[in-house]
Structure formats: structure tokens, C-alpha cells
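Chemist: Input protein-v3.txt, format and content: compact mmCIF, C-alpha atoms and all ligand atoms.
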# COMPACT_ATOMS: atom_id res chain seq x y z
CA SER A 1 -2.15 -25.27 -6.24
CA GLU A 2 0.34 -22.43 -5.70
CA ASP A 3 -0.65 -18.79 -5.52
CA VAL A 4 0.36 -16.83 -8.58
CA LEU A 5 -0.73 -13.58 -6.96
CA ARG A 6 -1.25 -12.66 -3.33
CA VAL A 7 -2.61 -9.28 -2.35
CA GLU A 8 -2.28 -8.46 1.33
CA ASP A 9 -3.97 -5.66 3.22
CA LEU A 10 -4.26 -3.47 0.12
CA SER A 11 -5.65 0.04 0.48
CA THR A 12 -6.16 2.53 -2.33
CA GLN A 13 -7.28 6.08 -1.70
CA PHE A 14 -8.17 9.04 -3.87
CA PHE A 15 -7.18 12.49 -2.65
CA THR A 16 -9.74 14.67 -4.38
CA ALA A 17 -10.68 18.32 -3.95
CA GLU A 18 -13.85 17.13 -2.20
CA GLY A 19 -11.92 15.03 0.27
CA GLN A 20 -10.33 11.65 0.73
CA VAL A 21 -12.06 8.65 -0.83
CA ASN A 22 -11.16 5.33 0.73
CA ALA A 23 -12.01 3.27 -2.33
CA VAL A 24 -10.36 0.04 -1.21
CA HIS A 25 -9.58 -0.71 2.39
CA GLY A 26 -7.36 -3.51 3.67
CA ILE A 27 -8.33 -6.27 1.27
CA ASP A 28 -6.68 -9.67 0.87
CA VAL A 29 -6.94 -11.61 -2.39
CA ARG A 30 -5.16 -14.80 -3.32
CA LEU A 31 -5.19 -16.13 -6.88
CA GLU A 32 -4.30 -19.77 -7.38
CA ARG A 33 -2.52 -20.56 -10.62
CA GLY A 34 -5.01 -21.58 -13.29
CA GLU A 35 -8.18 -20.63 -11.45
CA VAL A 36 -10.91 -18.13 -12.17
CA PHE A 37 -11.37 -15.89 -9.15
CA GLY A 38 -14.40 -13.63 -9.16
CA ILE A 39 -14.95 -10.36 -7.37
CA VAL A 40 -18.61 -9.44 -7.16
CA GLY A 41 -20.29 -6.35 -5.73
CA GLU A 42 -22.45 -3.36 -6.53
CA SER A 43 -21.05 -0.42 -8.44
CA GLY A 44 -18.99 1.77 -6.16
CA SER A 45 -17.90 -1.16 -4.01
CA GLY A 46 -14.27 -0.91 -5.13
CA LYS A 47 -14.07 -3.79 -7.62
CA SER A 48 -12.51 -1.84 -10.48
CA VAL A 49 -10.14 0.01 -8.17
CA THR A 50 -8.97 -3.36 -6.87
CA ALA A 51 -8.33 -4.55 -10.43
CA ARG A 52 -6.55 -1.36 -11.39
CA SER A 53 -4.44 -1.46 -8.23
CA ILE A 54 -3.27 -4.97 -9.11
CA MET A 55 -2.50 -3.81 -12.67
CA ASP A 56 -0.60 -0.79 -11.31
CA LEU A 57 -2.96 1.50 -13.19
CA ILE A 58 -3.89 3.83 -10.34
CA GLU A 59 -3.12 7.40 -11.27
CA PRO A 60 -3.17 10.64 -9.25
CA PRO A 61 -5.21 11.73 -7.37
CA GLY A 62 -5.41 8.00 -6.59
CA GLU A 63 -2.68 6.16 -4.75
CA ILE A 64 -2.09 2.72 -3.29
CA THR A 65 -1.46 3.73 0.29
CA ASP A 66 -0.90 0.40 1.96
CA GLY A 67 -0.42 -3.29 1.42
CA GLU A 68 1.67 -5.77 -0.51
CA ILE A 69 1.21 -7.40 -3.91
CA TRP A 70 3.19 -10.62 -4.31
CA TYR A 71 3.62 -12.09 -7.79
CA ARG A 72 5.12 -15.53 -8.17
CA ASN A 73 7.33 -16.00 -11.23
CA GLU A 74 10.68 -17.69 -11.00
CA GLU A 75 12.30 -15.91 -13.93
CA PHE A 76 11.16 -12.53 -12.68
CA ALA A 77 12.30 -13.24 -9.13
CA GLU A 78 15.74 -14.20 -10.44
CA ALA A 79 15.96 -11.00 -12.47
CA VAL A 80 14.99 -8.82 -9.53
CA VAL A 81 16.79 -10.48 -6.63
CA GLU A 82 20.25 -9.00 -7.23
CA ASP A 83 19.11 -5.40 -7.13
CA ARG A 84 16.24 -5.68 -4.74
CA PRO A 85 16.74 -8.69 -2.51
CA GLU A 86 14.26 -7.23 -0.03
CA ALA A 87 11.51 -7.45 -2.67
CA VAL A 88 11.98 -11.18 -3.23
CA ASP A 89 10.78 -14.13 -1.19
CA GLY A 90 11.70 -17.39 -2.90
CA THR A 91 10.10 -17.19 -6.33
CA ALA A 92 7.73 -14.37 -5.39
CA VAL A 93 8.32 -10.65 -5.85
CA GLU A 94 6.58 -7.87 -3.94
CA LEU A 95 5.60 -5.50 -6.71
CA ARG A 96 5.27 -2.32 -4.69
CA SER A 97 8.94 -2.70 -3.69
CA VAL A 98 10.31 -2.66 -7.24
CA ALA A 99 10.78 0.29 -9.58
CA ALA A 100 7.74 1.58 -11.46
CA SER A 101 9.48 0.74 -14.74
CA THR A 102 9.87 -2.84 -13.60
CA ARG A 103 6.20 -3.08 -12.74
CA GLU A 104 5.35 -1.59 -16.09
CA ALA A 105 7.34 -4.38 -17.70
CA LEU A 106 4.88 -6.89 -16.34
CA ARG A 107 1.96 -5.33 -18.10
CA GLY A 108 0.93 -7.31 -21.13
CA ARG A 109 3.39 -10.08 -20.47
CA SER A 110 2.53 -11.13 -16.92
CA PHE A 111 -0.72 -9.28 -16.36
CA SER A 112 -3.16 -8.21 -19.02
CA MET A 113 -6.46 -6.49 -18.62
CA ILE A 114 -9.65 -6.29 -20.61
CA PHE A 115 -12.35 -3.74 -19.97
CA GLN A 116 -16.05 -3.27 -20.35
CA ASP A 117 -15.87 -0.88 -23.23
CA PRO A 118 -13.74 -2.09 -26.14
CA GLU A 119 -14.67 0.91 -28.32
CA SER A 120 -12.69 3.29 -26.18
CA SER A 121 -9.60 1.05 -26.10
CA PHE A 122 -9.15 1.02 -29.86
CA ASN A 123 -7.80 3.85 -31.96
CA PRO A 124 -10.51 4.55 -34.55
CA SER A 125 -7.99 5.51 -37.23
CA LEU A 126 -5.94 2.28 -37.24
CA THR A 127 -7.17 -1.10 -38.39
CA VAL A 128 -7.92 -3.73 -35.78
CA GLY A 129 -5.17 -5.93 -37.21
CA GLU A 130 -2.60 -3.16 -36.88
CA GLN A 131 -3.54 -2.62 -33.27
CA VAL A 132 -3.35 -6.28 -32.34
CA ALA A 133 -0.05 -6.51 -34.24
CA GLU A 134 1.29 -3.57 -32.23
CA ALA A 135 0.60 -5.41 -29.01
CA VAL A 136 2.38 -8.45 -30.45
CA GLU A 137 5.32 -6.28 -31.48
CA VAL A 138 5.69 -4.69 -28.06
CA GLN A 139 5.80 -8.08 -26.37
CA ARG A 140 8.06 -9.57 -29.04
CA ARG A 141 10.66 -6.83 -28.73
CA ALA A 142 10.48 -7.06 -24.98
CA SER A 143 11.32 -10.73 -24.87
CA ALA A 144 13.97 -10.40 -27.60
CA ARG A 145 15.88 -7.87 -25.50
CA PRO A 146 19.37 -9.19 -24.73
CA ARG A 147 20.32 -9.86 -21.13
CA SER A 148 23.20 -7.38 -21.02
CA GLY A 149 21.88 -4.89 -23.49
CA ARG A 150 23.40 -1.80 -25.00
CA ALA A 151 22.02 1.70 -24.89
CA ARG A 152 18.82 1.72 -22.94
CA THR A 153 16.58 4.59 -22.26
CA ARG A 154 15.98 3.70 -18.64
CA ARG A 155 17.90 2.15 -15.80
CA PRO A 156 18.93 -1.24 -17.16
CA GLU A 157 18.38 -3.15 -13.94
CA TYR A 158 16.39 -6.08 -15.15
CA SER A 159 16.39 -8.18 -18.22
CA PHE A 160 12.92 -9.50 -17.64
CA GLY A 161 10.23 -8.31 -19.96
CA SER A 162 9.59 -4.97 -21.49
CA TYR A 163 10.62 -2.79 -18.59
CA ALA A 164 11.93 -0.08 -20.86
CA ILE A 165 9.07 -0.24 -23.29
CA SER A 166 6.06 1.81 -22.60
CA MET A 167 2.66 0.46 -23.47
CA ALA A 168 2.35 3.64 -25.48
CA LEU A 169 2.62 1.50 -28.54
CA PRO A 170 5.08 2.02 -31.38
CA SER A 171 3.54 3.45 -34.49
CA SER A 172 2.13 0.87 -36.84
CA GLU A 173 4.85 1.45 -39.42
CA TYR A 174 7.18 -0.59 -37.20
CA VAL A 175 4.90 -3.56 -37.20
CA THR A 176 6.59 -6.42 -39.01
CA GLY A 177 4.98 -8.99 -41.25
CA GLU A 178 5.64 -11.54 -38.55
CA SER A 179 3.67 -9.56 -35.99
CA ARG A 180 0.85 -9.16 -38.45
CA GLU A 181 0.74 -12.90 -38.97
CA ARG A 182 0.67 -13.51 -35.25
CA ALA A 183 -2.10 -10.91 -34.94
CA ILE A 184 -4.18 -12.82 -37.47
CA GLU A 185 -3.57 -16.03 -35.53
CA LEU A 186 -4.72 -14.31 -32.36
CA LEU A 187 -7.83 -12.97 -34.07
CA GLU A 188 -8.56 -16.49 -35.24
CA LEU A 189 -7.97 -17.85 -31.74
CA VAL A 190 -10.61 -15.50 -30.33
CA GLY A 191 -13.12 -16.50 -33.00
CA ILE A 192 -13.02 -13.66 -35.51
CA PRO A 193 -14.26 -15.14 -38.80
CA ASP A 194 -12.05 -14.57 -41.87
CA PRO A 195 -9.39 -13.04 -39.64
CA ALA A 196 -7.00 -12.18 -42.48
CA GLU A 197 -9.64 -9.99 -44.13
CA ARG A 198 -11.16 -8.63 -40.95
CA ALA A 199 -7.72 -7.61 -39.70
CA ASP A 200 -7.78 -4.84 -42.29
CA GLU A 201 -11.06 -3.41 -41.05
CA TYR A 202 -11.38 -0.46 -38.69
CA PRO A 203 -12.91 -0.68 -35.22
CA HIS A 204 -16.19 0.91 -36.36
CA GLU A 205 -16.67 -1.96 -38.80
CA TYR A 206 -16.72 -4.42 -35.89
CA SER A 207 -19.74 -5.20 -33.72
CA GLY A 208 -19.38 -4.78 -29.96
CA GLY A 209 -18.90 -8.50 -29.45
CA MET A 210 -16.30 -8.76 -32.22
CA LEU A 211 -14.42 -5.80 -30.81
CA GLN A 212 -14.45 -7.41 -27.36
CA ARG A 213 -12.92 -10.48 -28.98
CA ALA A 214 -10.26 -8.30 -30.60
CA MET A 215 -9.47 -6.72 -27.22
CA ILE A 216 -9.03 -10.21 -25.79
CA ALA A 217 -6.68 -11.02 -28.69
CA GLN A 218 -4.64 -7.94 -27.79
CA ALA A 219 -4.53 -8.94 -24.15
CA LEU A 220 -3.27 -12.41 -25.10
CA ALA A 221 -0.41 -11.08 -27.24
CA GLY A 222 2.08 -11.38 -24.38
CA GLU A 223 0.75 -14.74 -23.19
CA PRO A 224 -0.03 -13.37 -19.75
CA ASP A 225 0.00 -15.34 -16.50
CA VAL A 226 -2.97 -13.42 -15.19
CA LEU A 227 -5.83 -11.93 -17.18
CA VAL A 228 -7.85 -9.31 -15.33
CA ALA A 229 -11.31 -8.93 -16.85
CA ASP A 230 -13.29 -5.95 -15.54
CA GLU A 231 -16.97 -6.36 -16.44
CA PRO A 232 -15.93 -7.85 -19.80
CA THR A 233 -19.49 -8.56 -20.94
CA THR A 234 -21.53 -5.85 -19.26
CA ALA A 235 -21.87 -3.71 -22.37
CA LEU A 236 -22.96 -6.62 -24.56
CA ASP A 237 -26.37 -8.15 -25.13
CA VAL A 238 -27.14 -11.45 -23.46
CA THR A 239 -26.41 -13.79 -26.39
CA ILE A 240 -23.09 -12.13 -27.11
CA GLN A 241 -22.28 -12.11 -23.39
CA ALA A 242 -22.61 -15.88 -23.31
CA GLN A 243 -20.34 -16.24 -26.34
CA ILE A 244 -17.63 -14.08 -24.80
CA LEU A 245 -17.84 -16.04 -21.54
CA ASP A 246 -17.54 -19.28 -23.53
CA LEU A 247 -14.48 -17.85 -25.22
CA LEU A 248 -12.86 -16.78 -21.94
CA GLU A 249 -13.56 -20.22 -20.48
CA ASP A 250 -12.01 -21.99 -23.48
CA LEU A 251 -8.96 -19.72 -23.52
CA GLN A 252 -8.47 -20.13 -19.80
CA ARG A 253 -8.56 -23.90 -20.15
CA GLU A 254 -6.26 -23.98 -23.17
CA THR A 255 -3.63 -21.59 -21.83
CA GLY A 256 -3.86 -22.37 -18.11
CA MET A 257 -3.78 -18.67 -17.35
CA THR A 258 -5.31 -17.33 -14.17
CA VAL A 259 -8.34 -15.09 -14.54
CA LEU A 260 -9.48 -12.40 -12.15
CA LEU A 261 -13.05 -11.67 -13.15
CA ILE A 262 -14.75 -8.53 -11.89
CA THR A 263 -18.52 -8.34 -12.27
CA HIS A 264 -21.75 -7.23 -10.65
CA ASN A 265 -23.47 -10.22 -12.23
CA LEU A 266 -23.96 -13.23 -9.97
CA GLY A 267 -24.90 -15.44 -12.91
CA VAL A 268 -21.52 -14.75 -14.50
CA ILE A 269 -19.78 -15.60 -11.23
CA ALA A 270 -21.75 -18.83 -10.78
CA ARG A 271 -20.92 -19.90 -14.27
CA MET A 272 -17.24 -18.99 -14.44
CA CYS A 273 -15.57 -18.92 -11.05
CA ASP A 274 -13.75 -21.38 -8.83
CA ARG A 275 -13.52 -19.01 -5.91
CA VAL A 276 -15.16 -15.70 -5.20
CA GLY A 277 -14.82 -12.58 -3.07
CA VAL A 278 -17.83 -10.40 -2.27
CA MET A 279 -16.99 -6.70 -2.06
CA TYR A 280 -18.89 -4.11 -0.12
CA ALA A 281 -17.83 -0.52 0.55
CA GLY A 282 -14.18 -1.06 -0.34
CA GLU A 283 -13.77 -4.31 1.56
CA ILE A 284 -14.07 -7.99 0.83
CA VAL A 285 -16.74 -9.06 3.29
CA GLU A 286 -16.90 -12.74 2.37
CA ARG A 287 -14.72 -15.07 0.35
CA GLY A 288 -14.43 -18.75 -0.34
CA THR A 289 -15.04 -21.35 -2.97
CA LEU A 290 -18.04 -20.78 -5.19
CA GLU A 291 -19.89 -23.49 -3.26
CA ASP A 292 -19.00 -21.95 0.11
CA VAL A 293 -20.21 -18.53 -0.85
CA PHE A 294 -23.25 -19.49 -2.95
CA ASP A 295 -24.50 -22.53 -1.02
CA ARG A 296 -23.47 -21.52 2.46
CA PRO A 297 -23.37 -17.73 2.52
CA VAL A 298 -22.68 -16.23 5.91
CA HIS A 299 -22.49 -12.46 5.55
CA PRO A 300 -25.90 -10.76 5.58
CA TYR A 301 -24.86 -8.84 2.46
CA THR A 302 -23.99 -12.01 0.53
CA LYS A 303 -27.29 -13.54 1.60
CA GLY A 304 -29.12 -10.45 0.41
CA LEU A 305 -27.37 -10.64 -2.95
CA LEU A 306 -28.25 -14.28 -3.46
CA ASP A 307 -31.85 -13.86 -2.31
CA SER A 308 -32.26 -11.08 -4.84
CA ILE A 309 -31.40 -13.09 -7.92
CA PRO A 310 -34.91 -13.13 -9.46
CA ALA A 311 -35.23 -9.40 -8.76
CA VAL A 312 -31.83 -8.85 -10.31
CA GLU A 313 -32.94 -10.54 -13.49
CA ASP A 314 -36.15 -8.50 -13.63
CA SER A 315 -34.20 -5.30 -13.35
CA GLY A 316 -31.87 -6.14 -16.21
CA GLY A 317 -29.07 -7.50 -14.06
CA ARG A 318 -28.57 -4.48 -11.85
CA LEU A 319 -27.83 -5.31 -8.25
CA GLN A 320 -30.07 -3.53 -5.79
CA PRO A 321 -30.74 -6.40 -3.44
CA ILE A 322 -31.09 -4.63 -0.16
CA PRO A 323 -32.73 -1.28 0.46
CA GLY A 324 -30.25 1.57 0.64
CA ASN A 325 -26.97 2.27 -1.10
CA VAL A 326 -23.32 1.48 -0.68
CA PRO A 327 -22.15 4.25 1.67
CA SER A 328 -20.18 7.08 0.12
CA LEU A 329 -16.53 6.42 0.77
CA LEU A 330 -15.73 10.10 0.73
CA ASP A 331 -14.23 11.09 4.07
CA HIS A 332 -15.47 7.78 5.35
CA GLU A 333 -13.87 6.91 8.65
CA MET A 334 -12.28 3.58 7.85
CA GLY A 335 -12.04 0.90 10.47
CA ASP A 336 -14.55 2.29 12.94
CA ARG A 337 -17.54 0.02 12.39
CA CYS A 338 -19.18 -2.45 10.01
CA TYR A 339 -19.93 -0.47 6.85
CA PHE A 340 -22.94 -2.63 6.11
CA ALA A 341 -24.62 -1.76 9.41
CA ASP A 342 -26.95 0.87 7.84
CA ARG A 343 -28.51 -1.76 5.61
CA CYS A 344 -28.08 -4.86 7.68
CA PRO A 345 -31.24 -6.50 8.98
CA LYS A 346 -29.21 -8.02 11.80
CA ALA A 347 -27.17 -5.02 12.94
CA MET A 348 -26.39 -4.86 16.62
CA GLU A 349 -24.93 -2.20 18.87
CA GLU A 350 -21.36 -3.44 18.54
CA CYS A 351 -21.58 -3.39 14.72
CA LEU A 352 -21.76 0.41 14.87
CA ASN A 353 -18.88 0.82 17.26
CA HIS A 354 -16.15 -1.58 16.18
CA PRO A 355 -15.26 -3.16 12.85
CA PRO A 356 -15.75 -6.93 12.78
CA GLU A 357 -12.64 -9.01 12.20
CA PHE A 358 -12.22 -11.31 9.24
CA ASP A 359 -13.14 -14.74 10.46
CA VAL A 360 -11.75 -17.82 8.77
CA ALA A 361 -14.06 -20.75 9.22
CA GLY A 362 -13.21 -24.39 9.28
CA SER A 363 -12.18 -26.11 6.10
CA ASP A 364 -10.66 -24.38 3.09
CA ASP A 365 -10.69 -20.61 3.42
CA HIS A 366 -14.29 -19.57 3.69
CA ALA A 367 -14.00 -16.29 5.54
CA THR A 368 -16.40 -13.55 6.53
CA LYS A 369 -16.27 -10.10 8.08
CA CYS A 370 -19.26 -10.14 10.39
CA TYR A 371 -19.94 -10.57 14.11
CA LEU A 372 -22.45 -13.28 13.38
CA ALA A 373 -20.01 -15.36 11.35
CA GLU A 374 -19.45 -18.13 13.79
CA VAL A 375 -23.10 -18.73 14.57
CA GLU A 376 -23.97 -18.41 10.91
CA TYR A 377 -21.40 -20.87 9.68
CA THR A 378 -22.98 -23.53 11.81
CA GLU A 379 -26.56 -22.58 10.98
CA SER A 380 -26.02 -22.14 7.27
CA ARG A 381 -24.32 -25.52 7.02
CA ALA A 382 -27.33 -27.10 8.65
CA LEU A 383 -29.79 -25.24 6.41
CA SER A 384 -27.61 -25.30 3.30
CA LYS A 385 -29.87 -25.09 0.31
CA ASP A 386 -28.23 -26.30 -2.81
CA TYR A 387 -28.29 -23.27 -5.03
CA PHE A 388 -26.97 -25.15 -8.02
CA ALA A 389 -29.39 -28.02 -7.64
CA ASP A 390 -32.26 -25.48 -7.59
CA GLU A 391 -31.01 -24.00 -10.81
CA ALA A 392 -30.82 -27.30 -12.64
FE1 LIG B 401 -24.66 -6.91 10.01
FE2 LIG B 401 -23.25 -6.53 12.23
FE3 LIG B 401 -22.59 -8.49 10.56
FE4 LIG B 401 -22.19 -5.94 9.91
S1 LIG B 401 -21.19 -7.07 11.57
S2 LIG B 401 -23.04 -7.50 8.61
S3 LIG B 401 -23.97 -4.96 10.81
S4 LIG B 401 -24.48 -8.31 11.78
MG MG B 402 -16.40 -0.85 -12.21
Can you turn what I pasted into C-alpha cells?

Modeler:
Amino acid sequence: SEDVLRVEDLSTQFFTAEGQVNAVHGIDVRLERGEVFGIVGESGSGKSVTARSIMDLIEPPGEITDGEIWYRNEEFAEAVVEDRPEAVDGTAVELRSVAASTREALRGRSFSMIFQDPESSFNPSLTVGEQVAEAVEVQRRASARPRSGRARTRRPEYSFGSYAISMALPSSEYVTGESRERAIELLELVGIPDPAERADEYPHEYSGGMLQRAMIAQALAGEPDVLVADEPTTALDVTIQAQILDLLEDLQRETGMTVLLITHNLGVIARMCDRVGVMYAGEIVERGTLEDVFDRPVHPYTKGLLDSIPAVEDSGGRLQPIPGNVPSLLDHEMGDRCYFADRCPKAMEECLNHPPEFDVAGSDDHATKCYLAEVEYTESRALSKDYFADEA
């Protein structure tokens, strides 16, 4: 299947008063259209920064300092190619090479994001229905915009999407009856009971799980190509978590959208994902299909994570598989060694002196950043324990 999104050599840094934080360093991520790709790692490993970088939501003192983000969309490529031919390759557009307003246009319509904490994403003084309807309205106006429009508030370069419309939403008085109806449909789609009545309730009248559903409804207003879900169930209790994951699975299947799922929870990854990337200290240290990574892990960190599953469950799902912590990325010298060396049971001299290269092994694209990769690929295939069979 084709790649809808390809992130190449992405680095994001934060220039704080305390120093420079290398939150994400040289990562590659490829999302196939219609798949669920998971990024798993401990907190502080750079998962959320990766998601926010893709969504173009990094704000000062943060900055994407390197890399390319290619988004494949024929209509968008056509709209961009005249003004920025250098940003277009076939039907793909390199997003860092287009104007910020153009990237902004993609938010909601091409990329949508849901977060861990729905409470803070809703305005407490507007009803849930109004807020979902606003999202509908923003996307509706954006796509209704004529190709050669009249007075525009920003440079009228592209006719694709809502480039001139900020996600600072219009006040609810502009919301039309049509948008309200669509909002109720969306609330129904995400499993809100009696959606027409519940649309008139305020966020505080919703439970956490219901509010997470409403946030998903908002994210779906623009029928996005890619839904980025950053720890979407972490704040919810286990039963509700499972219901939200069921919902995401159903919606993904029905709409064919691509999902980038960020989580520290290996159970969520095992259940939801087609392919997975394991993040450690701002890098992806191993990636591949779910079976590659879970049945035939190669990186010592991935192995540690998987070995720790019972311990993870005992500790309420928190990952602390291997003694020690993710190194602070403040003033961290990037690219000088393997960042896992301090915790790695197999560390060797060279691990401390040079960074290992990403090694792509054999079939598919199972790849690992570790000196032992080649040996391990062979060994782990031989010893491959069937993780999923054990579970069943
Ligand atoms: Fe361990 Fe060395 Fe591999 Fe890093 S490169 S994970 S320190 S063996
Ligand atoms: Mg996070």
C-alpha cells in the first residue's frame, strides 16, 4: 500500500533557558494508507513531540530543526505545485517547504489529533454540540471556498482546504443548523447515546469516556486522512479504555483513515497496530510489523519492554522495564553514542563511542539501531517465541 505520510530524518529541539533539549533526533516514520502505526516508549522518549511535529504544533522555544515531512494527496499536490514546485514530488508534498498558512490548512481536514485529556480541549462554557458543530463549520467553510476567491485575509496561493481559516474557531453564533445536524450525526457515530439531547449538555455533564468520544467526533469533522491519537485512553479506566479502542478500531475500518497511535501501553499496541516503532531517548530504535517487533524483537530495549509485561501490569501500566531512566535530553550530545548504553545489559566499548546505524534486516522493513542487530536477527528468528500464541 502507498505511504500517506513519510517522515525523514526529523529532529525537533527546544531552546530553553536551561539549555538545548534534543527531544527528537533523526527519526524516520512511514505511514501506509489505512494502517494503524504505533509509537511506543516511556514518558520523555519523544513520542508526543513526534506527534506534534507531524501536526505542525511545535511552538517556541521548540522548533523542527531538520528533516522532511512528505504528505501524499493528489488534490493538495496539484494546488501547491504551481507556486512551490520544489515542494512537490508527484502526488506528495513536503510540508516544511510550504507556507505555514498552507500547513495550517491541513489541520482538521488532512490531519486531526486527539489527546489524552479531553477536559482541557473543551471550552467549559459552550455545549459539547456547539463545539463539535464549530469544528464542522470550520471544515465546511474551508471546502466551500471558491477556487479563485475574492477578498482573502491571507496570501491566496492555494485553494485547498482552510488555509486562511485559523483553528481558532468562529464563535458559536455562526454555527448553522446544518452544522448542528452534522454534529449530532458525528456524536451518534462515536456512540454518544441520545446525541440530540446530549449535544445541548456542557462538558462537565459528560463522563471522561463520553468526552473522549466527543473529542473524536470533533477530530472526524473534517474527514481526515490521518488521525494522530496521543495516549487517547491513558486517562480513562480500563473498561472505558477498551470501549474507546473498540471505537477507534471501528472508525478506522469504516473510514479507511490512517491512524498514528502514540502510547506507553504495549497491550494497546498489540491490540491495535499493524506496524510499530519503539522510541527511546528521542530516537526510534526498532521498527517493523507488529509480529516482527513483538515476536522477534532485536533491540535490547525492545526485549526489556516485552519481558516486563507482567511487571507493567502490576504497576498499573507504567513502563519501568529496565533499571534506570531515559537519559535527560538536555544538552545531550546527539549522535555520539548509543543512548541506551547506560541501561543496556549488552553494552560494549564501541556502544559508548559511536552511534549504531539503523540496520534494515531481511524481509519487510524490520530495522534496529543496535550493534548486535545482525547477530540478533538470526538468533531471535531461531528462538522466536510466539508472543500472541502465549497470550491466547
Ligand atoms: Fe546495547 Fe550497544 Fe545495542 Fe546500544 S548498541 S542497545 S548499548 S548493545
Ligand atoms: Mg506524551

Chemist: What gap, in Å, lies between CA of Gly129 (chain A) and CA of Asp200 (chain A)?

Modeler: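 It comes out at 5.8 Å.
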
Chemist: Contacts of Asn22 (chain A) at 12 Å or less, counting all atoms listed in the file, minus same-chain residues fewer than 3 places along, as a ChimeraX atom specification?

Modeler: /A:10-16,19,25-27,44-46,49-50,61-66,281-283,327-335

Chemist: Would you list the residues that come within 12 Å of ligand LIG 401 (chain B)? Count all atoms listed in the file and give the answer as an NGL selection string.

Modeler: :A and (280-281 or 283-286 or 297-304 or 336-359 or 368-376)

Chemist: Produce a table with one row for each residue of chain A that has an atom at most 9 Å from any atom of ligand MG 402 (chain B), each row naming the nearest atom pair and its distance in Å at one decimal; use only C-alpha atoms and all ligand atoms; arrange rows by chain and rising residue number; format as JSON lines.

Modeler:
{"residue": "A:Glu42", "atom": "CA", "partner": "B:MG402", "partner_atom": "MG", "distance": 8.7}
{"residue": "A:Ser43", "atom": "CA", "partner": "B:MG402", "partner_atom": "MG", "distance": 6.0}
{"residue": "A:Gly44", "atom": "CA", "partner": "B:MG402", "partner_atom": "MG", "distance": 7.1}
{"residue": "A:Ser45", "atom": "CA", "partner": "B:MG402", "partner_atom": "MG", "distance": 8.3}
{"residue": "A:Gly46", "atom": "CA", "partner": "B:MG402", "partner_atom": "MG", "distance": 7.4}
{"residue": "A:Lys47", "atom": "CA", "partner": "B:MG402", "partner_atom": "MG", "distance": 5.9}
{"residue": "A:Ser48", "atom": "CA", "partner": "B:MG402", "partner_atom": "MG", "distance": 4.4}
{"residue": "A:Val49", "atom": "CA", "partner": "B:MG402", "partner_atom": "MG", "distance": 7.5}
{"residue": "A:Gln116", "atom": "CA", "partner": "B:MG402", "partner_atom": "MG", "distance": 8.5}
{"residue": "A:Asp230", "atom": "CA", "partner": "B:MG402", "partner_atom": "MG", "distance": 6.8}
{"residue": "A:Glu231", "atom": "CA", "partner": "B:MG402", "partner_atom": "MG", "distance": 7.0}
{"residue": "A:Ile262", "atom": "CA", "partner": "B:MG402", "partner_atom": "MG", "distance": 7.9}
{"residue": "A:Thr263", "atom": "CA", "partner": "B:MG402", "partner_atom": "MG", "distance": 7.8}
{"residue": "A:His264", "atom": "CA", "partner": "B:MG402", "partner_atom": "MG", "distance": 8.5}

Chemist: Report, in Å to a single decimal, how far apart CA of Val93 (chain A) and CA of Glu8 (chain A) are.

Modeler: 13.0 Å

Chemist: Can you work out the spacing between CA of Arg253 (chain A) and CA of Glu35 (chain A) in Å, to one decimal?

Modeler: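 Those two atoms sit 9.3 Å apart.
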
Chemist: Please list as number ranges by chain every residue within 9 Å of Pro124 (chain A), counting only C-alpha atoms and excluding residues in the same chain fewer than 4 positions away.

Modeler: A: 119-120, 128, 202-204

Chemist: Need to verify the contact set: Ala196 (chain A), 12 Å, only C-alpha atoms, exclusion of same-chain residues closer than 4 positions in sequence. Can you return it as a list in words?

Modeler: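 Everything that qualifies: Thr127, Val128, Gly129, Glu130, Arg180, Glu181, Arg182, Ala183, Ile184, Glu185, Leu186, Leu187, Glu188, Ile192, Asp200 and Glu201 of chain A.
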
Chemist: Identify, on the basis of all atoms listed in the file, every residue whose closest approach to Asp365 (chain A) does not exceed 10 Å; exclude the query and any residue fewer than 3 positions from it along the same chain; express the result as a list in words.

Modeler: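 The neighbour list is Arg275, Arg287, Gly288, Thr289, Asp292, Asp359, Val360, Ala361, Gly362 and Thr368 of chain A.
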
Chemist: Give me, as a list of chain:residue names, all polymer residues having an atom no more than 9 Å from Ala235 (chain A), counting only C-alpha atoms and skipping those fewer than 5 positions away in the same chain.

Modeler: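 Once the nearby chain positions are removed, what remains is A:Gln116, A:Asp117, A:Gly208, A:Gln241.
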